[in-house]
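Each remark here refers to the structure printed beneath this line.
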Amino acid sequence: MKWARSLLKIGRRSTVPADADLSPRQIASRSTIAADQARDHGEWATAAALYAESLAIVEDNAAIHIQHGHALKETGHLTEAAAAYRQAAHFAANDAEPWLHLGHLLKRTGDKAGAINAFREALRRAPSATGPRDELINAGARDQIPGDVYGQAAAALESARLSHLLAQGIEGMAEGAERSAFPLSDHDSFRRQYPIQPPPMSGEVAVTVVITAKEATAAMLRATLVSLMDQRHQEWTAFVSPAQPLADHSVGSFAQVDDRIRFERPECDVTAGPVVLVPAGTVLDREALGWLAYGLVRTKAAAVYCDHDHYAEDWRLGLVRHSPRLQTMFDPDAMATSPASPSIAIFRDGTAKVPQAVLAGLLEASLTGPVAHLPRLLASVPAVPAAASSLPTILPTPAESASRILVMIPTRDEAAMLERSIKTLRETARHPERISVLIVDNRSSEPATAATIAQLTSADGVDSFSLDEPFNWPRCNNLAARHGEDEILVFANNDIEMLTPGWDESVRRMLARPDVGVLGARLLYPDGEVQHAGILLGGWQGRPSHDGLWASAEDEGPLRRWTSTRATAAVTGAFMACRRDTFQAVCGFDERLAIAYNDIDFCLKVRMEGLKVMFAADIELIHYESRTRGLNDSVEKIAWDDAELADMNARWGSWLFHDPSYNPQWVNAVNRPYDGIRDLPMSRVLAHLDASAAANPWAIMR
């Protein structure tokens with residue numbers, strides 16, 4: 001404060017007139033200069049008072065209101081700071097800056113709705129600004145972005161703006177891609193602005209279309225038949241099954257309008273060759289048959305299925321489409337429980353049997369060869385779909401085995417957490433007598449830990465050994481896995497709490513399947529939000545991320561992926577199970593990945609053996625994440641994490657970014673892998689189609 005008084009004294013000794021001789025605006029200017037000096041010296045209370053003196057004279061100066069808000073915020077007067085930013089916004093109606101500062105302040109105070117509104121107002125005034133747009137995306141409010149900031153027109157303008165910045169390469173391309181993304185709430189605009197492009201080649205493959213019309217109305221059948229007659233691919237014949245009573249309705253006259261339409265059940269000799277199964281009411285995109293036929297020709301798969309969305313009809317607007325259902329690569333486990341299984345599919349050979357439901361056909365054991373996924377929205381189904389003509393086939397699950405389980409828990413102190421982990425694992429087990437627990441005591445130093453371990457190991461089935469070495473998670477578990485001869489190994493953190501009764505039965509039952517190599521669980525934060533529902537590869541900036549992160553426990557996720565047992569790219573080592581022979585076949589964990597990514601590396605090695613990694617949604621735990629080591633909240637920890645990720649990239653290359661469970665049409669924003677939808681370049685469509693047609697799309701090939 002002394003320097004501020006000195007500044008005023010110097011001003012009085014100079015040629016500047018005394019206060020009595022100054023105009024009000026000169027007095028305000030002098031107060032503002034002094035306030036700026038106080039701000040630059042970190043004297044925020046002084047700065048706030050001086051800015052207030054200035055504003056008493058020049059109330060309409062938005063820039064001073066903003067600086068006043070900054071000073072008030074730094075002194076902890078957040079309500080007053082918000083009022084200052086709002087005053088600035090009032091006097092600078094077309095300026096985005098006050099709204100941006102207000103949004104940051106409200107975000108800090110926990111007023112999420114207010115912050116979203118402020119960022120939206122900032123973006124409305126500065127449509128090209130990335131700051132408020134990214135804040136809305138990170139807040140999960142992509143649907144609050146003003147409509148003129150996204151879409152085909154915005155993407156085109158952005159591409160033009162970036163044309164002279166091509167030297168900057170990746171950054172410019174990423175910005176253009178972000179602007180082309182649509183929130184799911186505006187899916188209909190996405191479909192209208194990005195029509196499906198035709199396949200690379202238009203062959204003359206003759207296709208039989210079987211329209212399953214059981215319980216369908218005449219209007220539903222009409223919608224399907226009209227979309228068939230509009231197909232660009234003309235080599236098709238359609239059969240309506242069952243034919244009656246619709247053949248006697250006016251819709252039956254379509255057989256005279258187009259002689260390719262027949263109201264009769266196809267015989268086996270008629271259905272030789274490719275068969276497309278279409279439920280009545282489904283509206284096919286104009287390119288649907290062409291793409292499906294092309295998919296068969298390109299991949300040689302036994303069947304090809306695609307994505308779909310839903311529609312409501314408006315006689316003026318046509319189809320109003322919403323709620324896209326973006327499928328994964330073929331996963332019978334997930335499809336058997338999905339609420340939105342594929343709507344249409346093409347089968348290479350229809351002579352053996354014409355399937356009565358798309359899902360039943362895809363899951364039929366008689367299908368020989370791979371089943372490929374085409375990431376294109378080729379069909380739209382009614383918003384209230386007709387009842388399925390037959391129930392989906394649920395794949396049988398092997399009976400539970402009598403295998404013994406060894407649970408290994410590395411720990412360093414944190415006695416209370418360790419005790420809770422072991423207690424809940426044993427108390428919730430259906431057969432605790434078949435479970436052994438091995439504690440790896442890694443340099444614990446607290447007396448309470450020694451007492452707790454002694455008390456725990458006094459019980460049958462619990463043992464421990466000391467490891468006096470620097471922390472190395474894979475080494476702790478590799479050494480622990482050498483103990484005993486238990487058929488199943490479970491790797492568990494000391495900061496978990498088991499919630500599922502009979503979890504051990506689920507582990508034994510799933511690992512009794514010969515195609516399963518690793519099993520992970522659904523992990524929740526203590527507040528109930530999802531922490532882990534499998535691991536996604538190739539997500540935001542290419543980094544692996546937890547699927548379902550921060551979703552509410554009730555949120556099922558796209559196609560119920562956060563609550564359904566399914567194949568996944570990898571799972572976290574916080575709770576991971578495998579057979580002992582599988583662990584030995586891949587030589588355990590890589591001890592050079594001491595802290596991060598060792599679990600993902602292990603899963604990729606198991607997948608290279610042709611085995612699946614499964615997310616078991618029926619095993620649920622609380623995970624008090626990173627309580628022992630802490631989060632990646634320092635430069636040193638981030639540098640270590642990136643170094644191990646670089647090693648993973650060097651080892652696995654493109655496989656580190658390939659995830660069969662993730663549809664590439666999703667927009668992957670920061671920790672929000674299902675944030676919106678975008679159109680795909682042809683190369684991306686074909687790359688996904690080809691990868692999905694592998695004999696085992698979940699296996700890693702070298």
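Identifiers for the structure tokens are assigned positionally: chains receive A, B, ... in sequence, residues are indexed from 1 per chain, and ligands are indexed from 1 in the order shown.
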
Hey, what does DSSP flag as alpha helix (DSSP H) within segment 114-350 of chain A? Can you give it to me as JSON, numbers by chain? {"A": [114, 115, 116, 117, 118, 119, 120, 121, 122, 123, 124, 125, 130, 131, 132, 133, 134, 135, 136, 137, 138, 152, 153, 154, 155, 156, 157, 158, 159, 160, 161, 162, 170, 171, 172, 173, 174, 175, 176, 177, 178, 179, 187, 188, 189, 190, 191, 192, 193, 218, 219, 220, 221, 222, 223, 224, 225, 226, 227, 228, 229, 254, 255, 256, 257, 288, 289, 290, 291, 292, 293, 294, 295, 296, 297, 298, 299, 332, 333, 334, 335, 336, 337]}

Would you kindly return, as an NGL selection string, each protein, DNA or RNA residue with an atom no farther than 12 Å from any atom of Trp236 of chain A, considering only C-alpha atoms and excluding same-chain residues fewer than 3 positions away? :A and (204-210 or 225 or 228-233 or 239 or 258-262 or 271 or 273-276 or 288-290 or 293)

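Taking only C-alpha atoms into account, Gly502 of chain A lies nearest to A:Thr424 out of the set A:Thr368, A:Thr424, A:Ser54, A:Ser29.
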
Residues within 6 Å of segment 317-321 of chain A, please, as a count of residues only. Count only C-alpha atoms; anything in the same chain fewer than 6 positions from it doesn't count. 3

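The interatomic distance for the pair atom CA of Leu284 of chain A and atom CA of Ser180 of chain A works out to 24.5 Å.
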